[in-house]
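Below you'll find the structure, written out as structure tokens, and then a few comments.
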Amino acid sequence: MDTILVVDDNSSICSALTLMLDIHGYKALSCETPEQAIDIVTKQDISLVIQDMNFTRDTTSGEEGKQLFYTLRQQQPNLPIILMTAWTQLETAVELVKAGAADYMGKPWDDAKLLTSINNLLSIYHLSKQNSQLTRVDSERMSAINGADLCGMVFGSGAMQRCIDLSLQVAKSDVSVMITGPNGAGKDKIADIVQANSLLKDKPFVKVNIGALPMDLLEAELFGAEAGAFTGANKVRIGRFEAADGGTLFLDEIGNLPLSGQVKLLRVLQTGEFERLGSHQTRKVNVRVISATNADLADDISNGSFREDLFYRLNVIELAIAPLNQRVDDILPLAQHFVGNEFSFDKPAQQALLTHAWSGNVRELENVCKRAVLLASNAVLTLADLGLSPQTHQILNRQFNRNQDSNLSQGSNLSQEKQSTEEVGESLLSAQPADPDKQQIEQALVTHNGVIARVAKSLGLSRQALYRRMDKYGLSSK
């Protein structure tokens, strides 16, 4: 049974609406203040909200209602909200409908019209939830039908789906691929998917974390060394390129490779040739290189710590992974995967997972979930079990008390376009610059020769945000 929340400072209106809803088979709750509404939506499963626009005596501006509306939209972007007021203002109505309000009605209301709107909105709401839940299942099913191996990847966001689709598309080629994104976002998993679906899937797949190797041993690890080439080299060392001959070499944290190693790597990519340390014998290999970095290589090129010609050799195709807090639809599927089928999360815990900053991305989420399972007293995990920072615990309770200008500014961002869930997460967790138009993006692509990292930085966008806008305007990095 759907639960509908009525929010109105007039107890008579609350009683009238809840009675009508009860008669027509809905479970109805009511409250008289925005703070109570925030608390109820945070802790209970609400399918629809009917809210007043003014909650203080002799107030008719609608600002209180707008603030409540935007706060609820922040918490649950897809929750249907019907706005109701005796002081209907066309300008306010247009603004909030553009920002996602499901309907806007005046008082006194028409019962038949209101019930029709509720029925239609709930049908759309449940269909949207069902489609969202099926997105990952359907994509996995289609990938299985097409013979793709997703290597156990768990996701639910459109952003990750697009990244995986591109990964599968480039997997069959032999071009160099660069995977970009923050630490812990899943770059190694994307590399696994590229390899598992490539023509080299049965060939050697050698992984090297450049950031974890001592600088003085990097070149020996990559290219090998003869006995006596350096102190402690008592026997011939086979390098990773030789070990990966005929297959694929994954170079993680490529931005940490010193310039001397970059020169040799560039030569291998161009000719397939190299020499072991301490040897003059030229060796030749045939290796596909997949690299990954959390660094801004455009900056490194500018300050001279990374070769531009090597960047272009490595970055034939870029697979950009957004931070987890910009892929909100991935959070709960991942969390459920990490805790297993024996555990679940109550609603406050789910809200905390969705609003946490996740600076450590998927790796941090996995650690939090493992800790919660280890310390939990029962199968339903709570906010306390997660052990997140006090800031995360308090964020839902303080949302309504945020500065009103901040709320209205976020509402304006919402009204510019109907944002996807990952865009909502992005707008909540980071300040967004003015949205560039098509001409600005085209000019930036020309100025920076189509290098996505540079273009995104110049426009003040993440790579994923840039890709969304390029898709919107039909632009290509070429």
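We label chains A, B, ... in the order they appear in the structure tokens, count residues from 1 in each chain, and number ligands from 1 in the order shown.
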
Shell of 8 Å around range 168-177 of chain A, only C-alpha atoms, local chain residues under 3 positions omitted, as a ChimeraX atom specification | /A:148,164-165,193-195,197-199,288-291,313-319

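Non-sequential neighbours of Tyr104 in chain A (distance at most 6 Å, separation of 6 or more positions within a chain, only C-alpha atoms) are A:Ile82, A:Leu83, A:Met84.
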
Save out the residues we just selected, N, CA and C atoms, as a PDB file, in the first residue's frame.
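Output saved as selection-v4.pdb:
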```pdb
ATOM      1  N   ILE A  82       3.074  17.127  -4.722  1.00  0.00           N
ATOM      2  CA  ILE A  82       1.968  17.990  -5.148  1.00  0.00           C
ATOM      3  C   ILE A  82       1.947  19.208  -4.231  1.00  0.00           C
ATOM      4  N   LEU A  83       2.061  20.389  -4.818  1.00  0.00           N
ATOM      5  CA  LEU A  83       2.040  21.635  -4.057  1.00  0.00           C
ATOM      6  C   LEU A  83       0.617  22.170  -4.011  1.00  0.00           C
ATOM      7  N   MET A  84       0.200  22.649  -2.824  1.00  0.00           N
ATOM      8  CA  MET A  84      -1.176  23.106  -2.651  1.00  0.00           C
ATOM      9  C   MET A  84      -1.179  24.384  -1.822  1.00  0.00           C
TER      10      MET A  84
END
```

Could you check how far CA of Ala295 in chain A sits from CA of Lys189 in chain A, in Å to one decimal?
-> 18.0 Å

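Ranking A:Gly211, A:Gly25, A:Gly147, A:Gly106 by their shortest atom-to-atom distance to Asn119 in chain A, with only C-alpha atoms included, puts A:Gly25 first.
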
Compile the contact shell of Leu324 in chain A as number ranges by chain: residues with an atom at most 7 Å away, counting only C-alpha atoms, same-chain residues fewer than 6 positions apart removed.
-> A: 185, 358, 361-362

Write down as JSON, numbers by chain the residues belonging to range 117-332 of chain A that are assigned alpha helix (DSSP H) by DSSP computed on the backbone.
-> {"A": [117, 118, 119, 120, 121, 122, 123, 124, 125, 126, 127, 128, 129, 130, 131, 132, 133, 134, 135, 136, 137, 138, 139, 140, 141, 142, 143, 144, 145, 158, 159, 160, 161, 162, 163, 164, 165, 166, 167, 168, 169, 170, 171, 187, 188, 189, 190, 191, 192, 193, 194, 195, 196, 215, 216, 217, 218, 219, 220, 221, 222, 223, 240, 241, 242, 243, 259, 260, 261, 262, 263, 264, 265, 266, 267, 268, 269, 270, 271, 297, 298, 299, 300, 301, 302, 308, 309, 310, 311, 312, 313, 314, 328, 329, 330, 331, 332]}

So which residues touch Leu222 in chain A within 7 Å, counting only C-alpha atoms, skipping near sequence neighbours fewer than 6 positions away, as a PDB file with N, CA, C and O atoms, in the first residue's frame?
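Wrote out_31.pdb, looks like this:
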```
ATOM      1  N   GLY A 239      61.421  -8.606 -17.434  1.00  0.00           N
ATOM      2  CA  GLY A 239      60.540  -7.469 -17.206  1.00  0.00           C
ATOM      3  C   GLY A 239      59.085  -7.775 -17.539  1.00  0.00           C
ATOM      4  O   GLY A 239      58.758  -8.799 -18.159  1.00  0.00           O
ATOM      5  N   ARG A 240      58.214  -6.874 -17.121  1.00  0.00           N
ATOM      6  CA  ARG A 240      56.780  -7.078 -17.324  1.00  0.00           C
ATOM      7  C   ARG A 240      56.392  -7.049 -18.803  1.00  0.00           C
ATOM      8  O   ARG A 240      55.454  -7.728 -19.213  1.00  0.00           O
ATOM      9  N   PHE A 241      57.131  -6.282 -19.606  1.00  0.00           N
ATOM     10  CA  PHE A 241      56.820  -6.266 -21.038  1.00  0.00           C
ATOM     11  C   PHE A 241      57.094  -7.630 -21.661  1.00  0.00           C
ATOM     12  O   PHE A 241      56.305  -8.116 -22.476  1.00  0.00           O
TER      13      PHE A 241
END
```

Extract, using only C-alpha atoms, all DNA, RNA and protein residues at most 10 Å from Ala225 in chain A, discarding same-chain residues fewer than 4 positions from it, and format them as a PyMOL selection string.
-> chain A and resi 217+219-221+229-230+233-239+275-279

With distances taken over only C-alpha atoms, which of A:Asn183, A:Thr282, A:Thr271, A:Gln326 is nearest to Arg463 in chain A?
-> A:Gln326

Could you check how far CA of Ser377 in chain A sits from CA of Ile46 in chain A, in Å to one decimal?
->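 Rounded to one decimal, the two atoms are 26.9 Å apart.
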
Looking only at the backbone, which of the residues in range 76-304 of chain A does DSSP tag as strand (DSSP E), as a PyMOL selection string?
-> chain A and resi 81-85+103-106+177-180+205-209+248-252+273-275+282-284+288-293

Just how far from CA of Lys284 in chain A is CA of Asp192 in chain A, in Å to one decimal?
->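 CA of Lys284 in chain A lies 25.2 Å from CA of Asp192 in chain A.
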
Write out as a PyMOL selection string which residues come within 7 Å of Phe205 in chain A when counting only C-alpha atoms, dropping same-chain ones fewer than 2 positions away.
-> chain A and resi 203+207+244+247-249

Just write the chosen residues, N, CA and C atoms, as an mmCIF file, in the first residue's frame.
```cif
data_model
loop_
_atom_site.group_PDB
_atom_site.id
_atom_site.type_symbol
_atom_site.label_atom_id
_atom_site.label_comp_id
_atom_site.auth_asym_id
_atom_site.auth_seq_id
_atom_site.Cartn_x
_atom_site.Cartn_y
_atom_site.Cartn_z
ATOM 1 N N LYS A 203 45.368 -14.661 -23.633
ATOM 2 C CA LYS A 203 46.799 -14.382 -23.624
ATOM 3 C C LYS A 203 47.201 -13.789 -22.266
ATOM 4 N N LYS A 207 49.614 -7.109 -14.717
ATOM 5 C CA LYS A 207 49.267 -5.844 -14.076
ATOM 6 C C LYS A 207 50.464 -5.296 -13.309
ATOM 7 N N ALA A 244 54.438 -10.058 -20.680
ATOM 8 C CA ALA A 244 53.140 -9.819 -21.319
ATOM 9 C C ALA A 244 53.184 -9.971 -22.828
ATOM 10 N N GLY A 247 50.246 -10.481 -25.256
ATOM 11 C CA GLY A 247 49.022 -10.215 -24.499
ATOM 12 C C GLY A 247 48.866 -8.749 -24.152
ATOM 13 N N THR A 248 48.453 -8.478 -22.895
ATOM 14 C CA THR A 248 48.107 -7.126 -22.475
ATOM 15 C C THR A 248 48.861 -6.771 -21.199
ATOM 16 N N LEU A 249 49.333 -5.532 -21.132
ATOM 17 C CA LEU A 249 49.991 -5.003 -19.940
ATOM 18 C C LEU A 249 49.153 -3.860 -19.394
#
```

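Distances here use only C-alpha atoms; by that measure, the residue among A:Leu466, A:Gly246, A:Leu353, A:Ala159 closest to Lys201 in chain A is A:Gly246.
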
Could you tell me which of A:Leu213, A:His356, A:Gln439, A:Ser47 comes closest to Tyr26 in chain A if we count only C-alpha atoms?
->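 When distances to Tyr26 in chain A are compared using only C-alpha atoms, the smallest one comes from A:Ser47.
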
Using only C-alpha atoms, which of the listed residues (A:Ala357, A:Val328, A:Ala16, A:Ile301) sits closest to Val451 in chain A?
->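 Checking each candidate against Val451 in chain A, we get A:Ile301 as the closest.
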
From A:Thr293, A:Ser302, A:Thr33, A:Gln74, residue lying nearest Leu257 in chain A [only C-alpha atoms] =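 Among the listed residues, A:Thr293 lies closest to Leu257 in chain A.
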
Polymer residues at most 12 Å from Lys438 in chain A, only C-alpha atoms, same-chain spacing of 6 or more positions, as a CSV table (one decimal) with N, CA, C and O atoms, in the first residue's frame:
```csv
chain,number,residue,atom,x,y,z
A,444,ALA,N,36.4,25.0,-26.9
A,444,ALA,CA,37.3,24.4,-26.0
A,444,ALA,C,37.9,23.1,-26.6
A,444,ALA,O,39.1,22.8,-26.5
A,445,LEU,N,37.1,22.4,-27.3
A,445,LEU,CA,37.6,21.2,-28.0
A,445,LEU,C,38.6,21.5,-29.1
A,445,LEU,O,39.6,20.8,-29.2
A,459,LEU,N,36.7,24.2,-18.8
A,459,LEU,CA,35.3,24.5,-18.6
A,459,LEU,C,34.8,24.4,-17.2
A,459,LEU,O,33.7,24.7,-16.9
A,466,LEU,N,31.3,16.6,-18.7
A,466,LEU,CA,31.6,17.1,-20.1
A,466,LEU,C,31.0,16.1,-21.1
A,466,LEU,O,30.4,16.5,-22.1
A,468,ARG,N,28.5,14.2,-20.8
A,468,ARG,CA,27.0,14.3,-20.8
A,468,ARG,C,26.6,15.5,-21.7
A,468,ARG,O,25.7,15.4,-22.5
A,469,ARG,N,27.3,16.6,-21.6
A,469,ARG,CA,27.0,17.8,-22.4
A,469,ARG,C,27.4,17.6,-23.9
A,469,ARG,O,26.6,18.1,-24.7
A,470,MET,N,28.4,16.9,-24.1
A,470,MET,CA,28.8,16.6,-25.5
A,470,MET,C,27.7,15.7,-26.2
A,470,MET,O,27.3,15.9,-27.3
A,471,ASP,N,27.2,14.7,-25.4
A,471,ASP,CA,26.1,13.9,-25.9
A,471,ASP,C,24.9,14.7,-26.2
A,471,ASP,O,24.2,14.5,-27.2
A,472,LYS,N,24.6,15.6,-25.3
A,472,LYS,CA,23.4,16.5,-25.4
A,472,LYS,C,23.5,17.3,-26.7
A,472,LYS,O,22.5,17.4,-27.4
A,473,TYR,N,24.7,17.8,-27.0
A,473,TYR,CA,24.8,18.7,-28.2
A,473,TYR,C,25.3,17.9,-29.4
A,473,TYR,O,25.5,18.6,-30.5
A,474,GLY,N,25.5,16.6,-29.3
A,474,GLY,CA,25.9,15.8,-30.5
A,474,GLY,C,27.4,16.1,-30.9
A,474,GLY,O,27.7,16.1,-32.1
A,475,LEU,N,28.3,16.4,-29.9
A,475,LEU,CA,29.6,16.8,-30.2
A,475,LEU,C,30.6,15.6,-30.0
A,475,LEU,O,30.3,14.7,-29.3
A,476,SER,N,31.7,15.6,-30.8
A,476,SER,CA,32.7,14.5,-30.7
A,476,SER,C,34.0,15.2,-30.3
A,476,SER,O,34.3,16.3,-30.7
```
